[in-house]
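This is upload37.txt. It holds compact mmCIF, C-alpha atoms.
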# COMPACT_ATOMS: atom_id res chain seq x y z
CA MET A 127 0.00 0.00 0.00
CA ALA A 128 1.24 3.47 -0.83
CA ALA A 129 1.80 5.90 1.97
CA LEU A 130 -0.47 8.92 2.05
CA LEU A 131 1.20 12.31 1.91
CA PRO A 132 0.13 14.88 4.51
CA SER A 133 -1.89 17.87 3.25
CA TRP A 134 0.92 20.32 3.97
CA ALA A 135 3.10 18.45 1.48
CA TRP A 136 0.44 18.76 -1.24
CA VAL A 137 0.01 22.48 -0.58
CA SER A 138 3.76 23.04 -0.61
CA GLY A 139 4.15 21.10 -3.86
CA LEU A 140 1.36 23.04 -5.58
CA THR A 141 2.82 26.37 -4.37
CA VAL A 142 6.26 25.48 -5.77
CA ALA A 143 4.71 24.45 -9.11
CA ALA A 144 2.66 27.65 -9.35
CA THR A 145 5.69 29.80 -8.55
CA ALA A 146 7.73 27.99 -11.22
CA ALA A 147 4.97 28.55 -13.78
CA VAL A 148 4.81 32.31 -13.01
CA VAL A 149 8.61 32.61 -13.29
CA ALA A 150 8.59 30.76 -16.63
CA LEU A 151 5.89 33.04 -18.01
CA ALA A 152 7.75 36.16 -16.81
CA VAL A 153 10.94 35.02 -18.55
CA GLN A 154 8.99 34.40 -21.76
CA ALA A 155 7.35 37.80 -21.59
CA ASP A 156 10.72 39.48 -21.03
CA HIS A 157 12.03 38.02 -24.30
CA GLY A 158 8.90 38.81 -26.34
CA PRO A 159 8.24 41.78 -28.66
CA ARG A 160 7.97 45.21 -27.07
CA PRO A 161 6.07 48.27 -28.27
CA ALA A 162 8.38 50.91 -29.73
CA ALA A 163 8.07 54.55 -28.74
CA PRO A 164 8.17 57.02 -31.63
CA ALA A 165 11.53 58.65 -32.16
CA ALA A 166 11.82 62.12 -30.67
CA HIS A 167 12.96 63.54 -33.99
CA ALA A 168 10.41 61.72 -36.15
CA ARG A 169 8.64 63.86 -38.72
CA PRO A 170 5.00 63.49 -39.74
CA THR A 171 4.45 61.49 -42.90
CA ALA A 172 2.13 62.29 -45.78
CA SER A 173 -0.52 60.18 -44.09
CA ALA A 174 -0.51 62.40 -41.01
CA SER A 175 -3.78 64.10 -40.17
CA PRO A 176 -4.10 67.55 -41.80
CA THR A 177 -5.96 68.86 -38.73
CA PRO A 178 -3.84 71.48 -36.95
CA THR A 179 -3.20 70.92 -33.29
CA ALA A 180 -4.44 73.45 -30.79
CA ALA A 181 -1.89 75.67 -29.15
CA PRO A 182 -1.25 74.76 -25.55
CA THR A 183 -3.45 76.72 -23.19
CA PRO A 184 -1.84 78.56 -20.32
CA SER A 185 -2.43 76.83 -17.04
CA GLY A 186 -4.16 78.60 -14.23
CA PRO A 187 -6.09 81.86 -14.07
CA PRO A 188 -4.94 85.05 -15.79
CA ALA A 189 -2.15 86.89 -14.00
CA VAL A 190 -2.81 90.03 -12.00
CA PRO A 191 -2.32 93.05 -14.32
CA GLU A 192 1.14 94.52 -13.80
CA ALA A 193 -0.05 98.14 -13.67
CA SER A 194 -2.46 97.44 -10.80
CA GLY A 195 -0.26 98.56 -7.93
CA ILE A 196 1.33 96.66 -5.07
CA GLY A 197 0.24 95.14 -1.80
CA ARG A 198 -3.20 93.98 -0.67
CA ARG A 199 -5.87 95.22 -3.09
CA ILE A 200 -8.94 94.49 -5.19
CA VAL A 201 -8.15 94.73 -8.90
CA TYR A 202 -10.92 95.25 -11.47
CA SER A 203 -10.27 95.06 -15.22
CA VAL A 204 -12.83 97.09 -17.17
CA ARG A 205 -11.85 95.41 -20.45
CA THR A 206 -11.89 91.76 -19.34
CA HIS A 207 -14.61 92.12 -16.67
CA ARG A 208 -12.44 90.27 -14.14
CA VAL A 209 -11.61 90.85 -10.49
CA TRP A 210 -8.56 89.69 -8.55
CA LEU A 211 -8.35 89.69 -4.75
CA VAL A 212 -4.63 90.22 -4.16
CA ASP A 213 -3.04 89.47 -0.79
CA ALA A 214 -0.29 91.50 0.93
CA THR A 215 2.44 89.49 -0.85
CA GLY A 216 1.05 90.48 -4.26
CA GLU A 217 -0.32 87.02 -5.02
CA PRO A 218 -3.97 86.62 -6.07
CA SER A 219 -5.98 84.70 -3.49
CA ARG A 220 -8.99 84.57 -5.83
CA THR A 221 -9.99 85.73 -9.31
CA PHE A 222 -13.35 85.65 -11.06
CA THR A 223 -15.37 87.20 -13.87
CA VAL A 224 -18.08 89.79 -13.27
CA TRP A 225 -20.95 91.51 -15.11
CA PRO A 226 -20.48 95.29 -15.31
CA GLY A 227 -23.18 97.88 -14.91
CA THR A 228 -23.87 100.43 -17.64
CA VAL A 229 -21.65 103.06 -15.98
CA GLU A 230 -17.99 102.02 -15.72
CA PRO A 231 -15.37 103.50 -13.38
CA GLN A 232 -12.33 105.17 -14.90
CA PRO A 233 -8.97 103.39 -14.51
CA GLY A 234 -7.26 104.59 -11.36
CA ARG A 235 -6.70 103.99 -7.67
CA TYR A 236 -9.63 104.05 -5.22
CA SER A 237 -10.50 102.86 -1.73
CA VAL A 238 -13.57 101.11 -0.36
CA THR A 239 -15.72 104.02 0.83
CA ALA A 240 -18.77 102.19 2.17
CA ARG A 241 -20.31 98.77 2.57
CA THR A 242 -23.96 97.75 2.76
CA ALA A 243 -25.05 94.25 3.74
CA ALA A 244 -28.20 94.22 1.58
CA THR A 245 -30.46 96.58 -0.37
CA THR A 246 -32.36 96.89 -3.64
CA GLY A 247 -30.10 97.73 -6.57
CA SER A 248 -30.80 100.54 -9.03
CA ASP A 249 -32.03 97.82 -11.41
CA GLY A 250 -34.67 96.69 -8.89
CA VAL A 251 -32.86 93.46 -7.97
CA GLN A 252 -32.29 92.50 -4.32
CA VAL A 253 -28.52 92.60 -3.80
CA GLU A 254 -26.13 91.86 -0.95
CA HIS A 255 -22.45 92.28 -0.10
CA ILE A 256 -22.30 95.76 -1.64
CA VAL A 257 -18.81 97.25 -1.57
CA TYR A 258 -18.72 100.85 -2.90
CA PHE A 259 -15.52 102.51 -4.08
CA THR A 260 -16.40 105.53 -6.28
CA ALA A 261 -19.16 107.44 -8.07
CA VAL A 262 -19.37 108.54 -11.70
CA SER A 263 -21.75 111.39 -12.61
CA GLY A 264 -23.91 110.73 -9.56
CA VAL A 265 -23.98 106.94 -10.02
CA ASN A 266 -22.43 104.93 -7.18
CA ILE A 267 -20.01 102.26 -8.38
CA GLY A 268 -19.54 99.11 -6.36
CA PHE A 269 -19.42 95.34 -6.33
CA SER A 270 -22.45 93.27 -5.31
CA ASN A 271 -24.20 90.00 -5.92
CA ALA A 272 -27.89 89.29 -6.42
CA VAL A 273 -29.46 87.60 -3.39
CA ASP A 274 -31.01 84.97 -5.67
CA GLY A 275 -27.69 84.44 -7.52
CA SER A 276 -29.01 85.79 -10.83
CA SER A 277 -27.39 88.37 -13.03
CA PRO A 278 -30.08 89.93 -15.21
CA PRO A 279 -28.97 92.50 -17.77
CA PRO A 280 -29.64 96.11 -16.70
CA ALA A 281 -32.90 97.64 -17.90
CA ASP A 282 -32.65 99.46 -21.22
CA GLY A 283 -31.46 103.00 -20.69
CA ALA A 284 -30.90 102.54 -16.93
CA ARG A 285 -27.69 103.96 -15.49
CA THR A 286 -26.36 101.29 -13.15
CA GLY A 287 -23.02 101.21 -11.36
CA GLY A 288 -23.31 97.78 -9.83
CA ILE A 289 -20.58 95.39 -10.87
CA ARG A 290 -22.43 92.11 -10.37
CA LEU A 291 -20.63 89.02 -9.04
CA HIS A 292 -21.51 85.36 -8.62
CA LYS A 293 -22.94 84.75 -5.14
CA GLU A 294 -19.86 82.94 -3.74
CA ASP A 295 -17.53 85.58 -5.22
CA GLY A 296 -19.65 88.32 -3.65
CA ALA A 297 -19.20 86.73 -0.23
CA ALA A 298 -15.43 86.46 -0.79
CA LEU A 299 -15.10 90.09 -1.90
CA TRP A 300 -17.24 91.22 1.06
CA ALA A 301 -14.89 89.42 3.45
CA PHE A 302 -11.82 90.88 1.68
CA GLY A 303 -13.02 94.45 1.02
CA ASP A 304 -12.89 96.14 4.41
CA PRO A 305 -13.55 99.92 4.54
CA GLY A 306 -10.44 101.69 3.25
CA ALA A 307 -9.19 98.64 1.28
CA LYS A 308 -7.42 99.58 -1.96
CA VAL A 309 -9.28 99.15 -5.25
CA SER A 310 -7.32 99.36 -8.48
CA VAL A 311 -9.25 99.76 -11.74
CA VAL A 312 -7.29 98.95 -14.89
CA GLU A 313 -8.17 98.77 -18.56

Represent the supplied structure as structure tokens.
Amino acid sequence: MAALLPSWAWVSGLTVAATAAVVALAVQADHGPRPAAPAAHARPTASASPTPTAAPTPSGPPAVPEASGIGRRIVYSVRTHRVWLVDATGEPSRTFTVWPGTVEPQPGRYSVTARTAATTGSDGVQVEHIVYFTAVSGVNIGFSNAVDGSSPPPADGARTGGIRLHKEDGAALWAFGDPGAKVSVVE
């Protein structure tokens, strides 16, 4: 009669066989064909796609305009309708697009002159986080956001100085724009 092998011997034998099989397959794979990377200096052939490639896009938000001053400030670009909240080191802590009113401030240096938590805008919309910094021909100019988050276009012919922000940007500017804070308006 043949002697029975204990179970640990079977398990050990199967483990050794499986390990040997994996090693054999790895050696075979190492000697097989490999994909070739294109040469760094390769030129497109006549069969290359005629579609032009897009130029790489700059990463990150637009830089703070150079002519906007130094130090902690709010920067507003009349041309691009963008605001930057710039910290004391000169780095932007936040930037966002805005919707201008029908009356624009002139490029220059201003300061936050007043703040109002909430009111009705000159366009009849309930607004909050109003941060005023100048007036043009009797129209107060300031940043605000609509309470309901909307940004309707100003009524035809209405003279409005509210620079409307998204709701979350309005809260951020409100927290940043203390009375006396610098505001720099650039083209």

Might you pull out every residue within 9 Å of Arg208 of chain A, with only C-alpha atoms counted and same-chain residues fewer than 4 positions away left off, and present them as a ChimeraX atom specification? /A:201-204,221-225

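If all atoms listed in the file are the atoms counted, then among A:Ile256, A:Gly306, A:Phe269, A:Glu192 the closest residue to Val209 of chain A is A:Phe269.
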
Report the distance between atom CA of Ala240 of chain A and atom CA of Trp210 of chain A in Å, rounded to one decimal place. 19.4 Å

Residues near Asn271 of chain A, cut-off 7 Å, only C-alpha atoms, skip fewer than 6 positions along chain, as a list in words: Val253, Glu254, His255, Arg290, Leu291, His292, Lys293 and Gly296 of chain A

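Straight-line separation from atom CA of Ser248 of chain A to atom CA of Trp300 of chain A: 19.3 Å.
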
In Å, rounded to a single decimal, give me how far atom CA of Ile196 of chain A is from atom CA of Thr239 of chain A. 19.5 Å

Counting only C-alpha atoms, which of A:Asp249, A:Trp134, A:Ile267, A:Tyr236 gets nearest to Ala284 of chain A?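 Closest residue, counting only C-alpha atoms: A:Asp249.
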
Can you list, as a PyMOL selection string, every protein, DNA or RNA residue that comes within 10 Å of Val312 of chain A when you count only C-alpha atoms, leaving out same-chain residues fewer than 3 positions away? chain A and resi 191-195+201-206+231-235+309

Gly303 of chain A: which residues within 8 Å, counting only C-alpha atoms, same-chain residues fewer than 5 positions away excluded, as a PyMOL selection string? chain A and resi 200+238+257
